[in-house]
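Peer 1: This is start.cif (mmCIF, C-alpha atoms).
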```cif
data_upload
loop_
_atom_site.group_PDB
_atom_site.id
_atom_site.type_symbol
_atom_site.label_atom_id
_atom_site.label_comp_id
_atom_site.auth_asym_id
_atom_site.auth_seq_id
_atom_site.Cartn_x
_atom_site.Cartn_y
_atom_site.Cartn_z
ATOM 1 C CA MET A 1 45.313 -109.639 157.172
ATOM 2 C CA LYS A 2 46.537 -112.687 158.999
ATOM 3 C CA THR A 3 45.014 -115.897 157.821
ATOM 4 C CA ASP A 4 47.248 -118.496 159.432
ATOM 5 C CA SER A 5 46.017 -118.821 162.975
ATOM 6 C CA LEU A 6 44.123 -117.109 165.727
ATOM 7 C CA HIS A 7 46.070 -116.019 168.794
ATOM 8 C CA ILE A 8 43.947 -116.442 171.897
ATOM 9 C CA LEU A 9 44.802 -115.053 175.315
ATOM 10 C CA LEU A 10 42.980 -116.658 178.185
ATOM 11 C CA ALA A 11 42.660 -114.746 181.470
ATOM 12 C CA ASP A 12 41.296 -116.810 184.345
ATOM 13 C CA ASP A 13 42.420 -117.309 187.935
ATOM 14 C CA ASP A 14 40.914 -120.779 188.257
ATOM 15 C CA GLU A 15 43.194 -123.528 187.010
ATOM 16 C CA ASP A 16 40.372 -125.997 186.412
ATOM 17 C CA ASP A 17 38.568 -123.436 184.301
ATOM 18 C CA ARG A 18 41.687 -122.764 182.245
ATOM 19 C CA ILE A 19 42.037 -126.468 181.509
ATOM 20 C CA PHE A 20 38.329 -126.657 180.695
ATOM 21 C CA PHE A 21 38.641 -123.778 178.228
ATOM 22 C CA LYS A 22 41.856 -124.976 176.614
ATOM 23 C CA ASP A 23 40.244 -128.325 176.100
ATOM 24 C CA ALA A 24 37.280 -126.725 174.374
ATOM 25 C CA ILE A 25 39.537 -124.530 172.219
ATOM 26 C CA ASP A 26 41.695 -127.469 171.139
ATOM 27 C CA ASN A 27 38.543 -129.114 169.912
ATOM 28 C CA VAL A 28 37.855 -126.402 167.322
ATOM 29 C CA LYS A 29 38.931 -126.666 163.686
ATOM 30 C CA VAL A 30 40.298 -123.118 163.476
ATOM 31 C CA ASN A 31 44.080 -123.013 164.004
ATOM 32 C CA THR A 32 44.800 -121.426 167.335
ATOM 33 C CA THR A 33 47.657 -120.583 169.636
ATOM 34 C CA VAL A 34 46.670 -120.098 173.254
ATOM 35 C CA SER A 35 48.494 -118.095 175.919
ATOM 36 C CA THR A 36 47.267 -117.817 179.486
ATOM 37 C CA VAL A 37 47.485 -115.325 182.321
ATOM 38 C CA ILE A 38 46.127 -115.948 185.773
ATOM 39 C CA ASP A 39 44.647 -112.608 186.797
ATOM 40 C CA GLY A 40 43.704 -109.153 185.559
ATOM 41 C CA GLN A 41 46.924 -107.503 186.584
ATOM 42 C CA GLN A 42 48.988 -110.081 184.748
ATOM 43 C CA LEU A 43 46.756 -109.604 181.727
ATOM 44 C CA MET A 44 47.425 -105.865 181.603
ATOM 45 C CA GLU A 45 51.145 -106.456 182.091
ATOM 46 C CA TYR A 46 51.109 -108.917 179.204
ATOM 47 C CA LEU A 47 49.307 -106.441 176.941
ATOM 48 C CA SER A 48 51.664 -103.592 177.751
ATOM 49 C CA ASN A 49 54.755 -105.707 177.175
ATOM 50 C CA ALA A 50 56.033 -104.693 173.752
ATOM 51 C CA ASP A 51 57.836 -108.024 173.293
ATOM 52 C CA MET A 52 54.615 -110.018 173.325
ATOM 53 C CA SER A 53 52.610 -110.288 170.135
ATOM 54 C CA LEU A 54 49.105 -108.998 170.720
ATOM 55 C CA PRO A 55 46.312 -111.578 170.755
ATOM 56 C CA ASP A 56 43.418 -111.551 168.296
ATOM 57 C CA VAL A 57 40.942 -112.556 170.990
ATOM 58 C CA ILE A 58 40.973 -112.334 174.770
ATOM 59 C CA PHE A 59 38.795 -114.679 176.793
ATOM 60 C CA LEU A 60 38.227 -112.754 179.952
ATOM 61 C CA ASP A 61 36.801 -114.112 183.199
ATOM 62 C CA LEU A 62 34.761 -111.468 184.999
ATOM 63 C CA ASN A 63 35.665 -112.575 188.505
ATOM 64 C CA MET A 64 39.383 -112.360 189.058
ATOM 65 C CA PRO A 65 41.462 -111.186 192.018
ATOM 66 C CA ARG A 66 43.698 -108.093 191.892
ATOM 67 C CA LYS A 67 41.931 -106.683 188.843
ATOM 68 C CA SER A 68 38.474 -107.726 187.706
ATOM 69 C CA GLY A 69 37.492 -108.569 184.159
ATOM 70 C CA MET A 70 35.359 -105.452 183.946
ATOM 71 C CA GLU A 71 38.254 -103.210 184.983
ATOM 72 C CA CYS A 72 40.473 -104.888 182.379
ATOM 73 C CA LEU A 73 37.810 -104.452 179.728
ATOM 74 C CA GLU A 74 37.606 -100.732 180.410
ATOM 75 C CA GLU A 75 41.377 -100.313 180.361
ATOM 76 C CA ILE A 76 41.707 -102.258 177.122
ATOM 77 C CA ARG A 77 38.975 -100.296 175.390
ATOM 78 C CA ASN A 78 40.540 -97.011 176.456
ATOM 79 C CA ASN A 79 43.832 -97.960 174.853
ATOM 80 C CA THR A 80 43.871 -97.306 171.110
ATOM 81 C CA LYS A 81 46.749 -99.724 170.610
ATOM 82 C CA LEU A 82 44.488 -102.561 171.767
ATOM 83 C CA LYS A 83 41.261 -101.568 170.058
ATOM 84 C CA ASP A 84 41.348 -104.269 167.361
ATOM 85 C CA ILE A 85 41.382 -107.130 169.839
ATOM 86 C CA SER A 86 38.096 -109.008 170.163
ATOM 87 C CA ILE A 87 37.064 -109.449 173.762
ATOM 88 C CA ALA A 88 35.020 -112.393 174.922
ATOM 89 C CA ILE A 89 33.748 -111.982 178.466
ATOM 90 C CA TYR A 90 32.622 -115.076 180.265
ATOM 91 C CA SER A 91 30.803 -115.374 183.474
ATOM 92 C CA THR A 92 28.471 -117.653 185.326
ATOM 93 C CA SER A 93 26.093 -114.703 185.484
ATOM 94 C CA GLY A 94 23.494 -114.638 182.755
ATOM 95 C CA SER A 95 21.717 -111.556 184.066
ATOM 96 C CA GLU A 96 20.646 -109.136 181.383
ATOM 97 C CA ASP A 97 22.191 -106.226 183.275
ATOM 98 C CA ASP A 98 25.629 -107.837 183.369
ATOM 99 C CA ILE A 99 25.428 -108.754 179.705
ATOM 100 C CA GLU A 100 24.418 -105.253 178.636
ATOM 101 C CA LYS A 101 27.017 -103.655 180.835
ATOM 102 C CA ALA A 102 29.748 -105.786 179.276
ATOM 103 C CA PHE A 103 28.625 -104.935 175.738
ATOM 104 C CA LEU A 104 28.376 -101.244 176.558
ATOM 105 C CA LYS A 105 31.906 -101.283 177.942
ATOM 106 C CA GLY A 106 33.128 -102.704 174.672
ATOM 107 C CA ALA A 107 32.993 -106.490 174.916
ATOM 108 C CA ASN A 108 32.296 -108.197 171.580
ATOM 109 C CA ILE A 109 31.269 -111.542 172.947
ATOM 110 C CA TYR A 110 29.528 -112.613 176.125
ATOM 111 C CA ILE A 111 29.649 -116.271 177.041
ATOM 112 C CA ARG A 112 27.282 -117.508 179.739
ATOM 113 C CA LYS A 113 29.547 -120.141 181.149
ATOM 114 C CA PRO A 114 27.882 -123.538 180.983
ATOM 115 C CA ASN A 115 28.559 -126.259 183.509
ATOM 116 C CA ASP A 116 29.269 -129.078 181.123
ATOM 117 C CA ILE A 117 32.182 -129.327 178.737
ATOM 118 C CA GLU A 118 30.101 -130.347 175.721
ATOM 119 C CA THR A 119 28.016 -127.153 175.781
ATOM 120 C CA LEU A 120 31.160 -125.124 176.323
ATOM 121 C CA LYS A 121 32.813 -126.777 173.328
ATOM 122 C CA LYS A 122 29.873 -125.839 171.158
ATOM 123 C CA ALA A 123 29.884 -122.267 172.410
ATOM 124 C CA ILE A 124 33.631 -121.880 171.854
ATOM 125 C CA ALA A 125 33.330 -123.356 168.352
ATOM 126 C CA GLN A 126 30.667 -120.796 167.487
ATOM 127 C CA VAL A 127 32.665 -117.933 168.988
ATOM 128 C CA LEU A 128 35.884 -118.838 167.208
ATOM 129 C CA SER A 129 34.211 -119.529 163.881
ATOM 130 C CA ILE A 130 32.497 -116.144 163.880
ATOM 131 C CA ASN A 131 35.576 -114.431 165.174
ATOM 132 C CA TRP A 132 37.566 -116.036 162.379
ATOM 133 C CA GLN A 133 35.217 -114.496 159.820
ATOM 134 C CA TYR A 134 35.695 -111.064 161.371
ATOM 135 C CA HIS A 135 39.410 -111.729 161.298
ATOM 136 C CA THR A 136 39.596 -112.701 157.637
ATOM 137 C CA SER A 137 36.653 -111.135 155.831
ATOM 138 C CA ARG A 138 36.945 -107.403 156.497
ATOM 139 C CA LEU A 139 33.774 -107.225 158.536
ATOM 140 C CA ASN A 140 32.989 -104.169 160.596
ATOM 141 C CA ARG A 141 34.205 -105.019 164.074
ATOM 142 C CA GLU A 142 32.241 -102.150 165.589
ATOM 143 C CA ASN A 143 29.068 -104.135 165.026
ATOM 144 C CA PHE A 144 30.477 -107.325 166.466
ATOM 145 C CA LEU A 145 28.235 -108.433 169.351
ATOM 146 C CA LEU A 146 27.665 -112.068 170.132
ATOM 147 C CA LEU A 147 25.900 -113.655 173.049
ATOM 148 C CA VAL A 148 26.242 -117.400 173.576
ATOM 149 C CA MET B 1 84.646 -138.207 133.050
ATOM 150 C CA LYS B 2 81.007 -139.039 132.869
ATOM 151 C CA LEU B 3 78.863 -137.728 135.720
ATOM 152 C CA SER B 4 75.254 -138.045 136.611
ATOM 153 C CA ILE B 5 73.228 -135.157 138.032
ATOM 154 C CA HIS B 6 71.304 -135.625 141.224
ATOM 155 C CA SER B 7 69.062 -132.803 142.309
ATOM 156 C CA SER B 8 65.929 -132.055 144.231
ATOM 157 C CA PRO B 9 63.502 -130.060 142.121
ATOM 158 C CA SER B 10 61.836 -128.472 145.149
ATOM 159 C CA ILE B 11 65.125 -127.189 146.579
ATOM 160 C CA THR B 12 66.510 -126.116 143.216
ATOM 161 C CA GLY B 13 63.307 -124.318 142.408
ATOM 162 C CA LYS B 14 63.263 -122.507 145.718
ATOM 163 C CA VAL B 15 66.898 -121.390 145.470
ATOM 164 C CA VAL B 16 66.532 -120.174 141.894
ATOM 165 C CA VAL B 17 63.349 -118.280 142.656
ATOM 166 C CA GLU B 18 64.794 -116.800 145.834
ATOM 167 C CA ASP B 19 67.944 -115.585 144.062
ATOM 168 C CA LEU B 20 65.875 -113.949 141.366
ATOM 169 C CA LEU B 21 63.543 -112.253 143.873
ATOM 170 C CA LYS B 22 66.552 -110.906 145.784
ATOM 171 C CA VAL B 23 68.077 -109.496 142.605
ATOM 172 C CA LYS B 24 64.779 -107.794 141.811
ATOM 173 C CA GLY B 25 64.483 -106.465 145.356
ATOM 174 C CA LEU B 26 60.997 -107.904 145.878
ATOM 175 C CA GLU B 27 59.615 -108.620 149.354
ATOM 176 C CA TYR B 28 58.654 -112.265 149.646
ATOM 177 C CA GLU B 29 57.897 -115.064 152.046
ATOM 178 C CA PHE B 30 57.925 -118.799 151.423
ATOM 179 C CA GLY B 31 54.998 -120.803 152.768
ATOM 180 C CA ASP B 32 54.238 -124.490 153.113
ATOM 181 C CA PHE B 33 53.910 -126.876 150.190
ATOM 182 C CA GLY B 34 55.893 -124.850 147.689
ATOM 183 C CA THR B 35 53.894 -121.675 148.058
ATOM 184 C CA LEU B 36 55.250 -118.198 148.021
ATOM 185 C CA SER B 37 53.760 -114.782 148.647
ATOM 186 C CA ILE B 38 55.221 -111.695 147.094
ATOM 187 C CA ARG B 39 54.283 -108.246 148.254
ATOM 188 C CA LYS B 40 53.355 -105.708 145.605
ATOM 189 C CA LEU B 41 53.736 -107.639 142.391
ATOM 190 C CA ASP B 42 52.095 -106.093 139.346
ATOM 191 C CA ALA B 43 51.060 -107.997 136.241
ATOM 192 C CA GLU B 44 54.125 -106.923 134.299
ATOM 193 C CA GLN B 45 56.569 -107.999 137.018
ATOM 194 C CA TYR B 46 54.711 -111.302 137.299
ATOM 195 C CA ALA B 47 55.055 -111.963 133.574
ATOM 196 C CA GLN B 48 58.713 -110.934 133.664
ATOM 197 C CA LEU B 49 59.432 -113.307 136.550
ATOM 198 C CA ASN B 50 57.866 -116.223 134.732
ATOM 199 C CA ALA B 51 59.738 -115.378 131.537
ATOM 200 C CA GLU B 52 63.064 -115.436 133.356
ATOM 201 C CA LEU B 53 62.206 -118.623 135.237
ATOM 202 C CA SER B 54 61.074 -120.486 132.150
ATOM 203 C CA ARG B 55 64.651 -121.433 131.222
ATOM 204 C CA TYR B 56 64.828 -123.444 134.458
ATOM 205 C CA ALA B 57 61.432 -124.976 133.614
ATOM 206 C CA ILE B 58 60.015 -123.232 136.676
ATOM 207 C CA ASP B 59 56.529 -121.842 136.482
ATOM 208 C CA LEU B 60 54.842 -119.632 139.070
ATOM 209 C CA THR B 61 51.074 -119.874 139.124
ATOM 210 C CA GLU B 62 48.537 -117.988 141.169
ATOM 211 C CA ASP B 63 47.256 -119.925 144.138
ATOM 212 C CA VAL B 64 43.842 -120.660 142.704
ATOM 213 C CA PRO B 65 42.013 -122.248 145.673
ATOM 214 C CA ASN B 66 42.728 -119.280 147.906
ATOM 215 C CA ASP B 67 41.867 -116.881 145.191
ATOM 216 C CA LEU B 68 38.666 -118.729 144.520
ATOM 217 C CA VAL B 69 37.657 -118.337 148.171
ATOM 218 C CA GLU B 70 38.176 -114.606 147.809
ATOM 219 C CA GLN B 71 36.056 -114.627 144.637
ATOM 220 C CA ILE B 72 33.291 -116.534 146.393
ATOM 221 C CA LYS B 73 33.322 -114.084 149.307
ATOM 222 C CA ARG B 74 33.130 -111.130 146.959
ATOM 223 C CA ALA B 75 30.290 -112.680 144.989
ATOM 224 C CA VAL B 76 28.318 -113.422 148.161
ATOM 225 C CA VAL B 77 28.799 -109.885 149.484
ATOM 226 C CA GLU B 78 27.795 -108.483 146.112
ATOM 227 C CA MET B 79 24.673 -110.611 146.019
ATOM 228 C CA VAL B 80 23.656 -109.709 149.581
ATOM 229 C CA ASN B 81 24.205 -106.010 148.985
ATOM 230 C CA LYS B 82 22.191 -105.875 145.815
ATOM 231 C CA GLY B 83 19.024 -105.378 147.829
ATOM 232 C CA GLU B 84 15.874 -105.363 145.791
ATOM 233 C CA ASP B 85 17.817 -105.686 142.521
ATOM 234 C CA ARG B 86 19.176 -109.103 143.437
ATOM 235 C CA PRO B 87 18.644 -111.761 140.821
ATOM 236 C CA ASN B 88 15.837 -114.130 141.664
ATOM 237 C CA ILE B 89 18.013 -117.224 142.057
ATOM 238 C CA ASN B 90 19.475 -118.953 145.068
ATOM 239 C CA ILE B 91 23.059 -118.467 146.126
ATOM 240 C CA SER B 92 24.263 -121.843 144.884
ATOM 241 C CA ASP B 93 23.050 -121.292 141.319
ATOM 242 C CA TYR B 94 24.302 -117.736 141.405
ATOM 243 C CA LEU B 95 27.801 -118.753 142.453
ATOM 244 C CA SER B 96 28.220 -121.720 140.153
ATOM 245 C CA LYS B 97 27.046 -119.651 137.204
ATOM 246 C CA LYS B 98 29.205 -116.688 138.051
ATOM 247 C CA LEU B 99 32.367 -118.631 138.850
ATOM 248 C CA ASN B 100 31.925 -121.552 136.486
ATOM 249 C CA TYR B 101 32.449 -124.323 138.997
ATOM 250 C CA SER B 102 29.981 -126.781 140.453
ATOM 251 C CA TYR B 103 28.565 -125.680 143.790
ATOM 252 C CA GLY B 104 29.920 -128.862 145.364
ATOM 253 C CA TYR B 105 33.468 -127.959 144.369
ATOM 254 C CA LEU B 106 33.022 -124.371 145.533
ATOM 255 C CA THR B 107 31.744 -125.383 148.992
ATOM 256 C CA ALA B 108 34.585 -127.889 149.415
ATOM 257 C CA VAL B 109 37.262 -125.309 148.565
ATOM 258 C CA PHE B 110 35.532 -122.692 150.689
ATOM 259 C CA SER B 111 35.131 -124.787 153.822
ATOM 260 C CA GLU B 112 38.716 -125.913 153.774
ATOM 261 C CA THR B 113 40.180 -122.475 154.419
ATOM 262 C CA THR B 114 37.349 -120.586 156.095
ATOM 263 C CA TYR B 115 36.134 -123.259 158.548
ATOM 264 C CA THR B 116 32.597 -122.436 157.582
ATOM 265 C CA SER B 117 30.195 -123.212 154.765
ATOM 266 C CA ILE B 118 29.140 -120.875 151.990
ATOM 267 C CA ALA B 119 25.586 -121.055 153.332
ATOM 268 C CA HIS B 120 26.705 -120.012 156.805
ATOM 269 C CA PHE B 121 28.939 -117.290 155.416
ATOM 270 C CA THR B 122 26.023 -115.947 153.390
ATOM 271 C CA ILE B 123 23.800 -115.796 156.461
ATOM 272 C CA MET B 124 26.568 -114.039 158.329
ATOM 273 C CA GLN B 125 26.917 -111.444 155.596
ATOM 274 C CA LYS B 126 23.177 -110.876 155.653
ATOM 275 C CA ILE B 127 23.255 -110.410 159.423
ATOM 276 C CA GLU B 128 26.063 -107.874 159.053
ATOM 277 C CA ARG B 129 24.021 -106.070 156.437
ATOM 278 C CA ILE B 130 20.983 -106.086 158.745
ATOM 279 C CA LYS B 131 23.070 -104.595 161.562
ATOM 280 C CA ASP B 132 24.171 -101.835 159.277
ATOM 281 C CA MET B 133 20.639 -101.118 158.082
ATOM 282 C CA LEU B 134 19.364 -101.100 161.676
ATOM 283 C CA ILE B 135 21.811 -98.626 163.107
ATOM 284 C CA ASN B 136 23.096 -96.584 160.201
ATOM 285 C CA GLU B 137 20.128 -96.452 157.874
ATOM 286 C CA ASN B 138 17.487 -96.553 160.593
ATOM 287 C CA LEU B 139 15.200 -98.877 158.620
ATOM 288 C CA THR B 140 12.394 -100.878 160.190
ATOM 289 C CA LEU B 141 12.551 -104.665 160.324
ATOM 290 C CA THR B 142 9.739 -104.845 157.772
ATOM 291 C CA GLU B 143 11.710 -102.735 155.302
ATOM 292 C CA ILE B 144 14.894 -104.697 155.948
ATOM 293 C CA SER B 145 13.250 -108.077 155.559
ATOM 294 C CA TYR B 146 11.731 -106.962 152.269
ATOM 295 C CA GLN B 147 14.993 -105.570 150.948
ATOM 296 C CA LEU B 148 16.996 -108.663 151.832
ATOM 297 C CA GLY B 149 14.385 -111.069 150.558
ATOM 298 C CA TYR B 150 13.294 -112.652 153.850
ATOM 299 C CA SER B 151 9.892 -114.296 153.754
ATOM 300 C CA SER B 152 8.868 -112.685 157.059
ATOM 301 C CA VAL B 153 10.068 -110.450 159.868
ATOM 302 C CA ALA B 154 9.767 -113.375 162.267
ATOM 303 C CA TYR B 155 12.121 -115.465 160.139
ATOM 304 C CA LEU B 156 14.628 -112.619 159.960
ATOM 305 C CA SER B 157 14.456 -112.055 163.731
ATOM 306 C CA ASN B 158 14.957 -115.738 164.463
ATOM 307 C CA GLN B 159 17.956 -115.946 162.187
ATOM 308 C CA PHE B 160 19.413 -112.803 163.731
ATOM 309 C CA LYS B 161 18.954 -114.214 167.220
ATOM 310 C CA ALA B 162 20.458 -117.549 166.261
ATOM 311 C CA MET B 163 23.571 -115.863 164.854
ATOM 312 C CA THR B 164 24.157 -113.159 167.450
ATOM 313 C CA GLY B 165 22.298 -114.318 170.557
ATOM 314 C CA LEU B 166 20.403 -111.032 170.578
ATOM 315 C CA THR B 167 17.157 -109.901 169.012
ATOM 316 C CA PRO B 168 17.509 -107.182 166.344
ATOM 317 C CA THR B 169 15.741 -104.739 168.660
ATOM 318 C CA LYS B 170 18.059 -105.481 171.590
ATOM 319 C CA PHE B 171 21.083 -105.220 169.310
ATOM 320 C CA LYS B 172 19.992 -101.829 168.066
ATOM 321 C CA GLU B 173 19.278 -100.627 171.586
ATOM 322 C CA ILE B 174 22.749 -101.606 172.814
ATOM 323 C CA MET B 175 24.529 -100.142 169.794
ATOM 324 C CA LEU B 176 22.723 -96.810 170.031
ATOM 325 C CA GLN B 177 23.381 -96.597 173.749
ATOM 326 C CA LYS B 178 27.008 -97.431 173.102
ATOM 327 C CA ARG B 179 27.275 -94.632 170.597
ATOM 328 C CA LYS B 180 25.765 -92.143 172.985
ATOM 329 C CA SER B 181 28.260 -93.004 175.679
ATOM 330 C CA GLN B 182 31.275 -92.638 173.395
#
```
What do you get writing this file as structure tokens?
Peer 2:
Amino acid sequence: MKTDSLHILLADDDEDDRIFFKDAIDNVKVNTTVSTVIDGQQLMEYLSNADMSLPDVIFLDLNMPRKSGMECLEEIRNNTKLKDISIAIYSTSGSEDDIEKAFLKGANIYIRKPNDIETLKKAIAQVLSINWQYHTSRLNRENFLLLV
Amino acid sequence: MKLSIHSSPSITGKVVVEDLLKVKGLEYEFGDFGTLSIRKLDAEQYAQLNAELSRYAIDLTEDVPNDLVEQIKRAVVEMVNKGEDRPNINISDYLSKKLNYSYGYLTAVFSETTYTSIAHFTIMQKIERIKDMLINENLTLTEISYQLGYSSVAYLSNQFKAMTGLTPTKFKEIMLQKRKSQ
């Protein structure tokens, strides 16, 4: 059990969005280290690189070039080495179908991306706080579904 | 020749302890603020270490705040899982009685390392218990709300939705579908 800090990997092709997210993450009380990749292919390369320490949570944008968030999600969930990583999908789509599909493919968290930073900060705080409890309190990760 | 001794207790302490741990072949790691974690240390080894360190006036004590957080978590989980047999008192009285500290002290210690409050942690544990009852024990919301001491199904559903973003029914539906596809 690691109790020092939460390693977050952020996968998003849009630079503004990455800054937006990092800003929101920095705002949270939980200790975090954040790494970033800029598309799905780079994400999978990162995760298969044995020299990199695996993240505790991946924030995954659904719409990315080269390899979409959904494709990454499927690949990650089919790899037993990566099964303990929490996956937070985020998308501007709030359609019930997209949300269900993401959960069924193994996402733990679905964030309906808000337009303003304050709402995003609140959402990220909730996500990280709950994720931290799963991380430190031996909760059953199989039942971990969160929609914000 | 008359000499005076200058030393730094924190460095001396660390070096002495480290040498002793190496001799004993224990796995250890130093943390911040004079803390130390030792892997696999039984009560006898712990007593032995302290006995040997006492001649340097060094004393190892268990890290109480952290340990207390663990005790609080265990007590909360125990209380939540008691079901119908749970004592008819609220969590704050239960904890302060069981652990012999004021609730104010307990919440302060708890929040510092868990980034959440005892109240929030308790709700979270209840939600986890509800999830389990929904999908593994196949209980109805009425049965669950009775067993966990909720005043109504509506209250339980609202709390579930607030914590997970999903209604209990939707959660169950997704989890069962997920199981089928695996």
Peer 1: May I ask which of the residues A:Leu47, A:Ala107, A:Val148, A:Leu60 is the closest one to Phe21 (chain A), counting all atoms listed in the file?
Peer 2: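 The closest residue to Phe21 (chain A) is A:Leu60.
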Peer 1: Quick one: distance from CA of Gln177 (chain B) to CA of Ile135 (chain B) in Å, one decimal?
Peer 2: 10.9 Å
Peer 1: Taking the file as shown, what set of residues would the PyMOL selection byres ((chain A) within 12 of (chain B)) give back, as a VMD selection string?
Peer 2: chain A and resid 3 to 5 28 to 31 77 to 78 96 to 97 99 to 112 123 125 to 148
Peer 1: Can those selected residues be exported to a file as a compact mmCIF listing (two decimals), in the coordinates of the input so that it contains C-alpha atoms?
Peer 2:
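Output file selection_4.txt is given in full below:
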```txt
# COMPACT_ATOMS: atom_id res chain seq x y z
CA THR A 3 45.01 -115.90 157.82
CA ASP A 4 47.25 -118.50 159.43
CA SER A 5 46.02 -118.82 162.98
CA VAL A 28 37.85 -126.40 167.32
CA LYS A 29 38.93 -126.67 163.69
CA VAL A 30 40.30 -123.12 163.48
CA ASN A 31 44.08 -123.01 164.00
CA ARG A 77 38.98 -100.30 175.39
CA ASN A 78 40.54 -97.01 176.46
CA GLU A 96 20.65 -109.14 181.38
CA ASP A 97 22.19 -106.23 183.28
CA ILE A 99 25.43 -108.75 179.70
CA GLU A 100 24.42 -105.25 178.64
CA LYS A 101 27.02 -103.66 180.84
CA ALA A 102 29.75 -105.79 179.28
CA PHE A 103 28.62 -104.94 175.74
CA LEU A 104 28.38 -101.24 176.56
CA LYS A 105 31.91 -101.28 177.94
CA GLY A 106 33.13 -102.70 174.67
CA ALA A 107 32.99 -106.49 174.92
CA ASN A 108 32.30 -108.20 171.58
CA ILE A 109 31.27 -111.54 172.95
CA TYR A 110 29.53 -112.61 176.12
CA ILE A 111 29.65 -116.27 177.04
CA ARG A 112 27.28 -117.51 179.74
CA ALA A 123 29.88 -122.27 172.41
CA ALA A 125 33.33 -123.36 168.35
CA GLN A 126 30.67 -120.80 167.49
CA VAL A 127 32.66 -117.93 168.99
CA LEU A 128 35.88 -118.84 167.21
CA SER A 129 34.21 -119.53 163.88
CA ILE A 130 32.50 -116.14 163.88
CA ASN A 131 35.58 -114.43 165.17
CA TRP A 132 37.57 -116.04 162.38
CA GLN A 133 35.22 -114.50 159.82
CA TYR A 134 35.70 -111.06 161.37
CA HIS A 135 39.41 -111.73 161.30
CA THR A 136 39.60 -112.70 157.64
CA SER A 137 36.65 -111.14 155.83
CA ARG A 138 36.94 -107.40 156.50
CA LEU A 139 33.77 -107.22 158.54
CA ASN A 140 32.99 -104.17 160.60
CA ARG A 141 34.20 -105.02 164.07
CA GLU A 142 32.24 -102.15 165.59
CA ASN A 143 29.07 -104.14 165.03
CA PHE A 144 30.48 -107.32 166.47
CA LEU A 145 28.24 -108.43 169.35
CA LEU A 146 27.66 -112.07 170.13
CA LEU A 147 25.90 -113.66 173.05
CA VAL A 148 26.24 -117.40 173.58
```
Peer 1: Set the distance at 12 Å and use only C-alpha atoms: which residues neighbour Leu68 (chain B) once local chain neighbours fewer than 6 positions away are removed? I'd like the list as a list in words.
Peer 2: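 Residues near the query, excluding close chain neighbours: Glu62, Arg74, Ala75, Leu95, Ser96, Lys98, Leu99, Asn100, Tyr101, Tyr105, Leu106, Thr107, Ala108, Val109, Phe110, Ser111, Glu112, Thr113 and Thr114 of chain B.
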Peer 1: Write a file of the selected residues as a CSV table (one decimal), in the frame of the given file, keeping C-alpha atoms.
Peer 2:
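Written out: selection-v5.csv:
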```
chain,number,residue,atom,x,y,z
B,62,GLU,CA,48.5,-118.0,141.2
B,74,ARG,CA,33.1,-111.1,147.0
B,75,ALA,CA,30.3,-112.7,145.0
B,95,LEU,CA,27.8,-118.8,142.5
B,96,SER,CA,28.2,-121.7,140.2
B,98,LYS,CA,29.2,-116.7,138.1
B,99,LEU,CA,32.4,-118.6,138.8
B,100,ASN,CA,31.9,-121.6,136.5
B,101,TYR,CA,32.4,-124.3,139.0
B,105,TYR,CA,33.5,-128.0,144.4
B,106,LEU,CA,33.0,-124.4,145.5
B,107,THR,CA,31.7,-125.4,149.0
B,108,ALA,CA,34.6,-127.9,149.4
B,109,VAL,CA,37.3,-125.3,148.6
B,110,PHE,CA,35.5,-122.7,150.7
B,111,SER,CA,35.1,-124.8,153.8
B,112,GLU,CA,38.7,-125.9,153.8
B,113,THR,CA,40.2,-122.5,154.4
B,114,THR,CA,37.3,-120.6,156.1
```
Peer 1: What is the CA of Thr36 (chain A)-CA of Pro114 (chain A) distance in Å, reported with one decimal?
Peer 2: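 Interatomic distance here is 20.3 Å.
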Peer 1: As a PDB file, in the frame of the given file, could you write out region 133-138 of chain A once it has been completed with N, CA, C and O atoms?
Peer 2:
```pdb
ATOM      1  N   GLN A 133      35.777-115.221 160.973  1.00  0.00           N
ATOM      2  CA  GLN A 133      35.217-114.496 159.820  1.00  0.00           C
ATOM      3  C   GLN A 133      35.500-112.997 159.952  1.00  0.00           C
ATOM      4  O   GLN A 133      35.841-112.339 158.974  1.00  0.00           O
ATOM      5  N   TYR A 134      35.381-112.485 161.175  1.00  0.00           N
ATOM      6  CA  TYR A 134      35.695-111.064 161.371  1.00  0.00           C
ATOM      7  C   TYR A 134      37.168-110.815 161.090  1.00  0.00           C
ATOM      8  O   TYR A 134      37.556-109.786 160.574  1.00  0.00           O
ATOM      9  N   HIS A 135      37.969-111.807 161.423  1.00  0.00           N
ATOM     10  CA  HIS A 135      39.410-111.729 161.298  1.00  0.00           C
ATOM     11  C   HIS A 135      39.844-111.745 159.830  1.00  0.00           C
ATOM     12  O   HIS A 135      40.803-111.095 159.453  1.00  0.00           O
ATOM     13  N   THR A 136      39.116-112.483 159.008  1.00  0.00           N
ATOM     14  CA  THR A 136      39.596-112.701 157.637  1.00  0.00           C
ATOM     15  C   THR A 136      38.722-112.086 156.558  1.00  0.00           C
ATOM     16  O   THR A 136      39.094-112.131 155.393  1.00  0.00           O
ATOM     17  N   SER A 137      37.560-111.573 156.898  1.00  0.00           N
ATOM     18  CA  SER A 137      36.653-111.135 155.831  1.00  0.00           C
ATOM     19  C   SER A 137      36.311-109.653 155.864  1.00  0.00           C
ATOM     20  O   SER A 137      35.287-109.238 155.335  1.00  0.00           O
ATOM     21  N   ARG A 138      37.158-108.849 156.469  1.00  0.00           N
ATOM     22  CA  ARG A 138      36.945-107.403 156.497  1.00  0.00           C
ATOM     23  C   ARG A 138      35.536-107.019 156.938  1.00  0.00           C
ATOM     24  O   ARG A 138      34.863-106.224 156.306  1.00  0.00           O
TER      25      ARG A 138
END
```
